[in-house]
Amino acid sequence: MGRRTVTKFRRWSALLCALLALPSAAIVAQTTGTIRGTVTGSAQQPLFGARVDVVGVRGERSSASGVYVVTAVPAGTHTVRAQTIGYSTMEKSVTVTAGQTVTLDFAMTQAAVNLNEIVVTGTAGQQTRRSQPAQVAVLNTEEMMRLSPKSGMAGVLQSALPGVSVTQGGATTGAAQRIRIRGASSISLSNEPLIFIDGVRADSRILSSARPGVGSGSKTNAGGQGVSRLNDLNPDDIASIEVVKGPAAATLYGADASAGVIQIITKQGQAGAFRQSLVTQLDNIDANWTPPDNYGLCTQALITANTPACAGLTPNTIIKDNPLLRDNVLQTGRLQQVNWSGSGGTETLKNFISVGGQGESGVLPSSQLRRYTLRTNSTWTLKPNLSLNFGISYFNNYNKQPDDNHSAYGYGAGAGIGSPLTLGQAANGWFAARRFSPQIASIRNEITNNRFTPKVEVNHQPASWFNHRLVVGMDYSGEQRMKLVPKNDSGYWAASDNPGLVNQTRINNRLMTFDYLGHITNSLGDEGKWVSDLAFGTQVIVSNTDLLFANGLGLATNSARVISASAQTVGGEAFEETRSIGYLSQWQLAYRNRVFFQTGLRADRNSAFGDKVGTIYLPKVGASWVLSEEGFFRDRVSAMNLLRLRAAYGVTGRAPIVGTSLETWAPTPAAQTGSSIPGLDLLNPGNPDLRPERGSEYEIGFEAGFLNDRIGLEFTHFNKTTKDLILQRQLPTSVGYAQNPYVNIGSVTNRGIETTVNAQVFNRGRNALDLRVSMSTLHNELTSLGDIPAFGTSPRFAEGYPLSSFFTRRISSVDVARNVAVVSDSLVYKGTIFPKREASVFANLTLLGSWRITAQVDGKFGATGKDETFQYRTRSVVRTREAVNPAALTPEQRLPLLGPYVDSKGAVVAPALVEDPFFSSADFVRFRELALTYTVPSSVARRMRTSRATLTFGGRNLGLWTNYSGNDPETISDNAGPGDQFATTEFFNMPPTRRFYLRLSLDY
Amino acid sequence: MTNRKTLRRIGAGIAALLAVSGCGNFLEVEYPNVVSAADVDPLADATTLSVSALQDFASSYGTWAVFGGIFTGELYSADVNSPGNLMSVRQVDETATNGYFASMSRARVLATKVLSSLDGTSGASSVNAARAWNVTGYAFLNFADYFCSAAVDGGPELTTTMMLDSAVVNLTKAADIGTALGATGAAMKDLALVGRARAHLAAGRKPQALADAQAVSANFRFDLVYVNDLTNITRLGNIIWHQFFNIGNAAVAPPFQNLSDPRVQTTSPAVNRLRPMDGVTDMWSINKFNSYAAPIRLASKLEADYIAAEVQGTTAMLALIASRRSANAQSAYTGATDDASVLVEFLRQKTLDFYVEGKRMGDYRRYPTQLPFLVPSGTVYRKPNVPPYGNGRCWPLPIQERTNNPNFR
């Protein structure tokens, strides 16, 4: 940045600062002073975002350089408390003189476990962690973005918390991730967690990138890939993330929270001088993939027929080709990102503003993402006991994707099932004639989203023992989705598409939240020995979506691609709405701030419930005991400086799909000569008794600190049972309904343990090494299907096995003499798509105070993968070397792979039932990330006219160790909506990309 | 503010919140995407419902015609996966037939609902009732032709004979109502007569088949109609064309390619530029089904003539053969005139006349060895990893019916 530019920047900054600080100018009183200081942490590094409270007065957060300023502090002696995630809370006393500034620095020590940090999720109002019977995981996103920055929400949550499993949706730019918290517990309903942003329910739908609600492979969508609205968020705007993992903690979130809740807490403004941050990042994206070769056999017949690819070759010569590599289709992707944020104001009015932009081009042609974000948060303190918080964010996203790789119009299938025998002919090694890379790239799947999320929060404390707050917010998104398959005269596509087609969809999605919560707190007994906290409130969520679409077929030119320019046009509309209302109460009794008992109840009603279902009740109960603060413990256990025991039980639910309780007919037209007339068809017999799925969970655990908090251990055991599972009872086909009715039947169990060890290996002067090791296990089992028989094959849902298991006829032996492979007489369990164990190691090494190296390695174990790409290329289209030249295989290799197959009685078994050869262990260990951050010395930073400057160079997805036979064990074949939530087999998908990035952060 | 005042205010606030948020109709929402069953009036909506039932039948029938054609050698499957190719080699299993069974069942059930609603009303003798009886009758007839066994309404397994008997009962109702309605019901009557003649013929009741066939009005023809409606292409469009044009899943089999017979006019892939799903099958297409709006003939006087001739024997067959060859600019039949040879030629002419019109499965059930254009059992299939041609005669009842129907457990 040139000096002239810097000067301009500073002028603008000064102007903004003046504007933001304007209201404060007249309010400064001469009876107050200012407390100012620096908060530092491990290796004397400044701590960003630490909360410094002047007890009984107000608090502020530290800037990127660790500086905090609390103004207008009444003269006198005050206790000042500093706290931040990962560090022990510190308190100091300070005397403030009127009109003076006093300096008070905090050199905080890392705490492997901090029981005094505040959590806002999973409980009624703000509570300290020590009082929470159920675990609420907290992620310090601000710190994460400093150490190992992420460019999307998937990266933020990836392997960050035990029990939170994130699978990236593939290599396509903008592809949605899949998030599972403590496993999947529903077959028919979404297993994605609920998302709240600052207390307002947020849109986190995963939908097709072209048109939602249309099945995979349809010409009106982009195949099986989807986009997630969660990815609209800018990680740089997030202060922290709290994750409620299960019903034990999610009870107060009502009858839709059984898959867990993620609360995103955005950055807020701070009083004092105007502070700014400027972040810019560049990513280099590598496909990290070598596409498989296609093989073909030049037979005598082909040579005789003068097949160009076989010209001059001897009969039975094997030839190969690789269209993606030959045509240099895979390219280097780029990401450019810039984010500016400012914070400032007075004690009365604090403001935060952030503006961000991001542009990405993917590794495939026609793969692009542009994102602009704007967020403002303001807190207006009207009176000492009354404050208003306004938050507005605006997102503008544009995402363009090619057809999914397993679409016949996509790159993966287009190249992967092409035949080298067609080289020199119309198909030239690709799947279809004249459908090469430029043609595939000409298909446009575009989604533009404008999202607006206003929020108002009122906090009021009318009496010392009573406070309440009201949150009213909305998340509105207006999406424009477009698919264009351009017309052509050369027959690129299926004949029906060659005239060109365009599909336009407009979707308005609104999520409205009204949330009231009151607290009555009473101290009882001597010196507040007992504290009672009664919370009560109501939460109303309204969600509605309207969709309007139009299709045009037959374009005069590709430039005139509006629907009205098409030869044939049709349109359609859809609308759905859900309303829910919940009344909640929670009572907590604390004894000496170390023993806590908590109980709560939520009553819920929802428009999606059946007509005969009224209110459902969701109870919770739990206790927490900070044992280490008891005298008898301190006296006896010296090595363990902290121990908290906790236990919780709670119930939540998952509401049925909108409208499924009703007996319905589908308005479907009938044909008359030359036109359509209105018609009706049987749709769903309905179920007026349809209730939500009910998840009940108990969890027990502890947090322990050793060696003066240098080592912390968190342990949780959970056992979640989901009953009243909503399933479609399969009716006999002869009954004639298009859909089967949903019924409450069956149950699923998820149980396991979650452990995290935080260790400060050393912290000497300006050098420190911190380690975090997390591990979780998951036992997922479909314990009952009621009277519904097991269904599906891959995946299959069967009692006694994990949800979505793989079953196949297993190869039991190879009978070379009979030239057959002998397989089991029935389907046999082969494995599950869900890892049974996950582990991650995160290391943070600080050297000389200025250099930080962070590394993350994680692994997932116990899952099984299925390589359908290889299966399809081997069995259906014969493109693999093994299929083209089976004679080169030994009988022991050939017979299991290609058959023929017989069962133990010698009966022939169809190859389609024998998928055994295509399964393999999906265990893996991945070197997820390595980042090197250099903090410019403060003297240099000052010369740069910044308060702090850091430069980070890092890489993601740097190594993979696995025995999985396909491309990557973390591949998701389809992820375009709830119907795809169990699809994980690899089918012409590309593996996750590899990225290297450079990030510059400047704070002013 | 005293504590008591504060408490009172809190109480009032909570009461107000509960009152507002608990408003009686707050949870009532609209579902404009679907029609609530409570909003359908079976009497007032009888025409809509009976026409809808016929449309269900028409949508299903096109698919049956395609896959029946693949099963009996009229068409090639260009499918990549198992179902289509196993259908080609007549080795289809119970996991692959639910789609066909479900769509025809839906038509039958909807028609049955219409009839039960009209029962006891004046509508029971209306053209709507005749239309609905024809749908149920033809559904039974097609079940009998295509499926080895069937079930209706979750009931017990029905044999072919039982299905044919049910077809006769239902079509008799349609014929009676059609006859009573006079000119208004003439088409419904003739449609029922042709169907009933087929049912009797398949059941071996030749005199009844002959009587019904001869009672069909001259020049009668009943087409299932389709329209080119992009939004509802698989419901309202001609599925035969859809399979060729949109999916690339079926193609004219070699014996029918490039014939000089006007009844089976085809177009080569070099001209139609259709793309096979499997990338290897030559996509010859049928000219008579060249758009989504192309009708499919369900029943006709011509079919009645074939039924009558088959009942009457070799002489009548020879006469019809001569007539059909002459009408289609073919030279006179010069082959052997023994019963067996004439039957083969008779069936050949019938195949050409009703090419991919969904009639050949019934002929195959009656003449599994004599039917021309069949690939012999044991012949190696043209694509790898598919077993040789088998000798399946019909489609098995889908596993979904066997699993979920309590009568099969």
# chains A, B, ... in the order shown; residues from 1 in each chain; ligands from 1
>>> residues_around(residues="region 257-273 of chain A", least_positions_apart="5", cutoff="7 Å", atoms="only C-alpha atoms", output="mmCIF file with N, CA and C atoms, in the first residue's frame")
data_model
loop_
_atom_site.group_PDB
_atom_site.id
_atom_site.type_symbol
_atom_site.label_atom_id
_atom_site.label_comp_id
_atom_site.auth_asym_id
_atom_site.auth_seq_id
_atom_site.Cartn_x
_atom_site.Cartn_y
_atom_site.Cartn_z
ATOM 1 N N GLU A 60 -15.306 -3.655 28.310
ATOM 2 C CA GLU A 60 -14.891 -3.458 26.925
ATOM 3 C C GLU A 60 -14.099 -4.678 26.485
ATOM 4 N N ARG A 61 -13.847 -4.739 25.205
ATOM 5 C CA ARG A 61 -13.042 -5.838 24.693
ATOM 6 C C ARG A 61 -11.730 -5.295 24.149
ATOM 7 N N VAL A 69 -9.709 0.022 26.537
ATOM 8 C CA VAL A 69 -9.913 1.326 27.168
ATOM 9 C C VAL A 69 -11.333 1.345 27.716
ATOM 10 N N THR A 121 -25.727 -19.866 25.132
ATOM 11 C CA THR A 121 -26.504 -20.857 24.414
ATOM 12 C C THR A 121 -26.802 -22.037 25.324
ATOM 13 N N ILE A 181 -23.761 -33.363 14.461
ATOM 14 C CA ILE A 181 -23.369 -33.231 15.857
ATOM 15 C C ILE A 181 -23.833 -34.479 16.599
ATOM 16 N N ASN A 191 -30.757 -33.811 9.512
ATOM 17 C CA ASN A 191 -29.831 -33.993 10.636
ATOM 18 C C ASN A 191 -28.876 -32.809 10.768
ATOM 19 N N GLU A 192 -29.144 -31.757 10.025
ATOM 20 C CA GLU A 192 -28.316 -30.556 10.146
ATOM 21 C C GLU A 192 -28.724 -29.799 11.412
ATOM 22 N N PRO A 193 -27.774 -29.247 12.161
ATOM 23 C CA PRO A 193 -28.141 -28.505 13.371
ATOM 24 C C PRO A 193 -28.856 -27.202 13.040
ATOM 25 N N LEU A 194 -29.585 -26.701 14.032
ATOM 26 C CA LEU A 194 -30.188 -25.372 13.881
ATOM 27 C C LEU A 194 -29.088 -24.326 14.022
ATOM 28 N N ILE A 195 -29.249 -23.239 13.318
ATOM 29 C CA ILE A 195 -28.267 -22.151 13.406
ATOM 30 C C ILE A 195 -28.965 -20.910 13.951
ATOM 31 N N PHE A 196 -28.377 -20.315 14.941
ATOM 32 C CA PHE A 196 -28.837 -19.020 15.445
ATOM 33 C C PHE A 196 -27.678 -18.034 15.314
ATOM 34 N N ILE A 197 -28.007 -16.831 14.900
ATOM 35 C CA ILE A 197 -26.991 -15.776 14.871
ATOM 36 C C ILE A 197 -27.428 -14.695 15.847
ATOM 37 N N ASP A 198 -26.669 -14.514 16.880
ATOM 38 C CA ASP A 198 -26.991 -13.538 17.917
ATOM 39 C C ASP A 198 -28.423 -13.705 18.406
ATOM 40 N N ASP A 237 -16.306 -11.863 10.728
ATOM 41 C CA ASP A 237 -17.290 -11.095 11.499
ATOM 42 C C ASP A 237 -17.693 -11.796 12.783
ATOM 43 N N ILE A 238 -17.183 -12.985 12.985
ATOM 44 C CA ILE A 238 -17.664 -13.811 14.104
ATOM 45 C C ILE A 238 -16.703 -13.707 15.278
ATOM 46 N N ALA A 239 -17.278 -13.469 16.452
ATOM 47 C CA ALA A 239 -16.452 -13.420 17.661
ATOM 48 C C ALA A 239 -16.263 -14.829 18.217
ATOM 49 N N SER A 240 -17.346 -15.541 18.334
ATOM 50 C CA SER A 240 -17.251 -16.899 18.869
ATOM 51 C C SER A 240 -18.439 -17.719 18.399
ATOM 52 N N ILE A 241 -18.298 -19.012 18.572
ATOM 53 C CA ILE A 241 -19.370 -19.935 18.199
ATOM 54 C C ILE A 241 -19.601 -20.856 19.387
ATOM 55 N N GLU A 242 -20.857 -21.002 19.736
ATOM 56 C CA GLU A 242 -21.208 -21.938 20.805
ATOM 57 C C GLU A 242 -22.012 -23.073 20.197
ATOM 58 N N VAL A 243 -21.668 -24.260 20.582
ATOM 59 C CA VAL A 243 -22.314 -25.434 20.000
ATOM 60 C C VAL A 243 -22.991 -26.235 21.098
ATOM 61 N N VAL A 244 -24.285 -26.368 20.954
ATOM 62 C CA VAL A 244 -25.071 -27.206 21.851
ATOM 63 C C VAL A 244 -25.204 -28.555 21.162
ATOM 64 N N LYS A 245 -24.680 -29.562 21.793
ATOM 65 C CA LYS A 245 -24.491 -30.800 21.045
ATOM 66 C C LYS A 245 -25.684 -31.746 21.063
ATOM 67 N N GLY A 246 -26.516 -31.629 22.041
ATOM 68 C CA GLY A 246 -27.586 -32.608 22.073
ATOM 69 C C GLY A 246 -28.754 -32.156 22.902
ATOM 70 N N PRO A 247 -29.775 -33.006 22.982
ATOM 71 C CA PRO A 247 -31.006 -32.643 23.688
ATOM 72 C C PRO A 247 -30.771 -32.224 25.127
ATOM 73 N N ALA A 250 -30.130 -28.747 24.617
ATOM 74 C CA ALA A 250 -30.890 -28.016 23.601
ATOM 75 C C ALA A 250 -32.370 -27.939 23.919
ATOM 76 N N SER A 343 -14.440 -0.299 14.680
ATOM 77 C CA SER A 343 -15.174 -0.372 15.934
ATOM 78 C C SER A 343 -14.867 0.881 16.740
ATOM 79 N N GLY A 344 -15.878 1.429 17.351
ATOM 80 C CA GLY A 344 -15.639 2.603 18.168
ATOM 81 C C GLY A 344 -16.935 3.116 18.752
ATOM 82 N N GLY A 345 -16.868 4.238 19.424
ATOM 83 C CA GLY A 345 -18.062 4.821 19.998
ATOM 84 C C GLY A 345 -17.842 5.255 21.418
ATOM 85 N N THR A 346 -18.938 5.470 22.071
ATOM 86 C CA THR A 346 -18.903 5.948 23.456
ATOM 87 C C THR A 346 -19.527 4.903 24.359
ATOM 88 N N GLU A 347 -19.548 5.239 25.642
ATOM 89 C CA GLU A 347 -20.211 4.318 26.557
ATOM 90 C C GLU A 347 -21.681 4.194 26.228
ATOM 91 N N LYS A 350 -22.064 2.236 21.067
ATOM 92 C CA LYS A 350 -20.901 1.511 20.541
ATOM 93 C C LYS A 350 -21.272 0.930 19.204
ATOM 94 N N ASN A 351 -20.331 1.029 18.295
ATOM 95 C CA ASN A 351 -20.638 0.587 16.945
ATOM 96 C C ASN A 351 -19.567 -0.350 16.407
ATOM 97 N N PHE A 352 -20.026 -1.269 15.634
ATOM 98 C CA PHE A 352 -19.111 -2.145 14.893
ATOM 99 C C PHE A 352 -19.612 -2.200 13.462
ATOM 100 N N ASN A 377 -23.226 -3.676 13.961
ATOM 101 C CA ASN A 377 -23.814 -3.949 15.264
ATOM 102 C C ASN A 377 -23.647 -2.710 16.116
ATOM 103 N N SER A 378 -24.731 -2.284 16.719
ATOM 104 C CA SER A 378 -24.672 -1.096 17.572
ATOM 105 C C SER A 378 -25.353 -1.371 18.894
ATOM 106 N N THR A 652 -35.511 -33.012 23.454
ATOM 107 C CA THR A 652 -35.885 -32.066 22.396
ATOM 108 C C THR A 652 -36.610 -32.842 21.305
ATOM 109 N N GLY A 653 -36.831 -32.195 20.189
ATOM 110 C CA GLY A 653 -37.584 -32.863 19.138
ATOM 111 C C GLY A 653 -37.133 -32.438 17.772
ATOM 112 N N ARG A 654 -37.823 -32.918 16.791
ATOM 113 C CA ARG A 654 -37.626 -32.504 15.409
ATOM 114 C C ARG A 654 -38.998 -32.539 14.755
ATOM 115 N N GLY A 695 -36.030 -36.590 20.916
ATOM 116 C CA GLY A 695 -34.697 -37.038 21.299
ATOM 117 C C GLY A 695 -34.473 -36.782 22.777
#
>>> select_by_dssp(residues="region 170-235 of chain B", states="strand (DSSP E or B)", output="VMD selection string")
chain B and resid 221 to 224
>>> select_by_dssp(residues="region 137-197 of chain A", states="alpha helix (DSSP H)", output="number ranges by chain")
A: 141-147, 153-157
>>> closest_atom_pairs(of="region 248-309 of chain B", to="region 217-237 of chain B", cutoff="12 Å", atoms="only C-alpha atoms", output="Markdown table")
| residue | atom | partner | partner_atom | distance |
| --- | --- | --- | --- | --- |
| B:Phe289 | CA | B:Gly237 | CA | 10.8 |
| B:Asn290 | CA | B:Gly237 | CA | 11.3 |
| B:Ser291 | CA | B:Asn228 | CA | 7.6 |
| B:Tyr292 | CA | B:Gly237 | CA | 4.6 |
| B:Ala293 | CA | B:Val227 | CA | 4.2 |
| B:Ala294 | CA | B:Tyr226 | CA | 6.4 |
| B:Pro295 | CA | B:Val225 | CA | 4.7 |
| B:Ile296 | CA | B:Leu224 | CA | 5.2 |
| B:Arg297 | CA | B:Asp223 | CA | 4.3 |
| B:Leu298 | CA | B:Asp223 | CA | 5.4 |
| B:Ala299 | CA | B:Phe222 | CA | 5.3 |
| B:Ser300 | CA | B:Arg221 | CA | 4.1 |
| B:Lys301 | CA | B:Phe220 | CA | 5.0 |
| B:Leu302 | CA | B:Asn219 | CA | 7.8 |
| B:Glu303 | CA | B:Arg221 | CA | 9.2 |
| B:Ala304 | CA | B:Phe220 | CA | 9.4 |
| B:Asp305 | CA | B:Ala218 | CA | 9.9 |
>>> atom_distance(atom1="CA of Ala192 (chain B)", atom2="CA of Phe140 (chain B)")
12.3 Å
>>> interface_residues(of="chain A", to="chain B", cutoff="6 Å", atoms="only C-alpha atoms", output="ChimeraX atom specification")
/A:494-496,574,579,607,663-666,670-671,674,679-680,731-736
>>> residues_around(residues="Pro656 (chain A)", least_positions_apart="6", cutoff="9 Å", atoms="only C-alpha atoms", output="ChimeraX atom specification")
/A:188-189,256,608-610,690-693,726,742
>>> write_last_selection(atoms="C-alpha atoms", output="PDB file, in the first residue's frame")
ATOM      1  CA  SER A 188     -36.609 -38.702   7.164  1.00  0.00           C
ATOM      2  CA  LEU A 189     -35.849 -35.317   8.710  1.00  0.00           C
ATOM      3  CA  ASP A 256     -36.785 -28.773  16.355  1.00  0.00           C
ATOM      4  CA  ALA A 608     -46.461 -29.134  11.221  1.00  0.00           C
ATOM      5  CA  PHE A 609     -47.808 -31.380  13.966  1.00  0.00           C
ATOM      6  CA  GLY A 610     -50.808 -33.530  13.164  1.00  0.00           C
ATOM      7  CA  LEU A 690     -48.010 -37.237  13.417  1.00  0.00           C
ATOM      8  CA  ARG A 691     -45.809 -35.954  16.231  1.00  0.00           C
ATOM      9  CA  PRO A 692     -42.251 -34.642  16.280  1.00  0.00           C
ATOM     10  CA  GLU A 693     -39.407 -37.029  16.748  1.00  0.00           C
ATOM     11  CA  ILE A 726     -40.690 -40.322  11.621  1.00  0.00           C
ATOM     12  CA  TYR A 742     -45.369 -40.631   7.633  1.00  0.00           C
TER      13      TYR A 742
END
>>> residues_around(residues="Phe549 (chain A)", least_positions_apart="6", cutoff="7 Å", atoms="only C-alpha atoms", output="JSON, numbers by chain")
{"A": [504, 505, 506, 571, 572, 573]}
>>> write_last_selection(atoms="C-alpha atoms", output="PDB file, in the first residue's frame")
ATOM      1  CA  GLN A 504     -35.271 -19.236 -13.725  1.00  0.00           C
ATOM      2  CA  THR A 505     -36.294 -19.623 -10.105  1.00  0.00           C
ATOM      3  CA  ARG A 506     -37.007 -16.933  -7.563  1.00  0.00           C
ATOM      4  CA  GLY A 571     -44.077 -21.702 -14.917  1.00  0.00           C
ATOM      5  CA  GLY A 572     -44.877 -22.880 -11.462  1.00  0.00           C
ATOM      6  CA  GLU A 573     -45.185 -21.772  -7.893  1.00  0.00           C
TER       7      GLU A 573
END
>>> closest_residue(among="B:Thr351, B:Ser285, B:Arg366, B:Thr136", to="Gln243 (chain B)", atoms="only C-alpha atoms")
B:Ser285
>>> residues_around(residues="region 126-134 of chain B", least_positions_apart="6", cutoff="8 Å", atoms="only C-alpha atoms", output="VMD selection string")
chain B and resid 46 to 47 50 to 51 53 to 54 111 to 112 114 to 115 118 170 to 171 173 to 175 177 to 178 181 184 to 185 188 191 to 192
>>> closest_residue(among="A:Ala639, A:Ala931, A:Ala843, A:Ile657", to="Ser190 (chain A)", atoms="only C-alpha atoms")
A:Ile657
>>> residues_around(residues="region 555-558 of chain A", least_positions_apart="6", cutoff="7 Å", atoms="only C-alpha atoms", output="MDAnalysis selection string")
chainID A and resid 486:487 499:501 565:567
>>> closest_residue(among="B:Ala187, B:Leu43, B:Leu343, B:Leu75", to="Ser116 (chain B)", atoms="only C-alpha atoms")
B:Leu43
>>> residues_around(residues="Val841 (chain A)", least_positions_apart="3", cutoff="9 Å", atoms="only C-alpha atoms", output="short mmCIF file (atom, residue, chain, number, x, y, z; two decimals) with N, CA and C atoms, in the first residue's frame")
data_model
loop_
_atom_site.label_atom_id
_atom_site.label_comp_id
_atom_site.auth_asym_id
_atom_site.auth_seq_id
_atom_site.Cartn_x
_atom_site.Cartn_y
_atom_site.Cartn_z
N SER A 159 -13.18 -30.21 12.47
CA SER A 159 -12.34 -30.84 13.50
C SER A 159 -12.02 -29.90 14.67
N LEU A 771 -0.92 -27.48 23.04
CA LEU A 771 -1.45 -28.63 22.29
C LEU A 771 -2.90 -28.83 22.66
N ARG A 772 -3.68 -29.22 21.68
CA ARG A 772 -5.05 -29.64 21.97
C ARG A 772 -5.29 -30.97 21.26
N VAL A 773 -5.66 -31.94 22.03
CA VAL A 773 -5.95 -33.26 21.47
C VAL A 773 -7.41 -33.57 21.77
N SER A 774 -8.16 -33.83 20.72
CA SER A 774 -9.58 -34.13 20.89
C SER A 774 -9.86 -35.51 20.35
N MET A 775 -10.79 -36.16 20.98
CA MET A 775 -11.16 -37.49 20.52
C MET A 775 -12.63 -37.71 20.84
N ALA A 855 -0.60 -26.17 13.55
CA ALA A 855 -0.76 -27.36 12.69
C ALA A 855 -1.93 -28.17 13.22
N GLN A 856 -2.63 -28.76 12.30
CA GLN A 856 -3.75 -29.60 12.69
C GLN A 856 -3.73 -30.89 11.89
N VAL A 857 -3.82 -31.98 12.60
CA VAL A 857 -3.91 -33.30 11.98
C VAL A 857 -5.14 -33.96 12.56
N ASP A 858 -5.96 -34.52 11.71
CA ASP A 858 -7.12 -35.22 12.25
C ASP A 858 -7.37 -36.52 11.52
#
>>> closest_residue(among="A:Leu282, A:Ala255, A:Ile417, A:Ala907", to="Val878 (chain A)", atoms="only C-alpha atoms")
A:Ile417
>>> closest_residue(among="A:Ser464, A:Gln337, A:Asn750, A:Ser904", to="Leu998 (chain A)", atoms="only C-alpha atoms")
A:Gln337
>>> atom_distance(atom1="CA of Ala319 (chain B)", atom2="CA of Val264 (chain B)")
21.2 Å
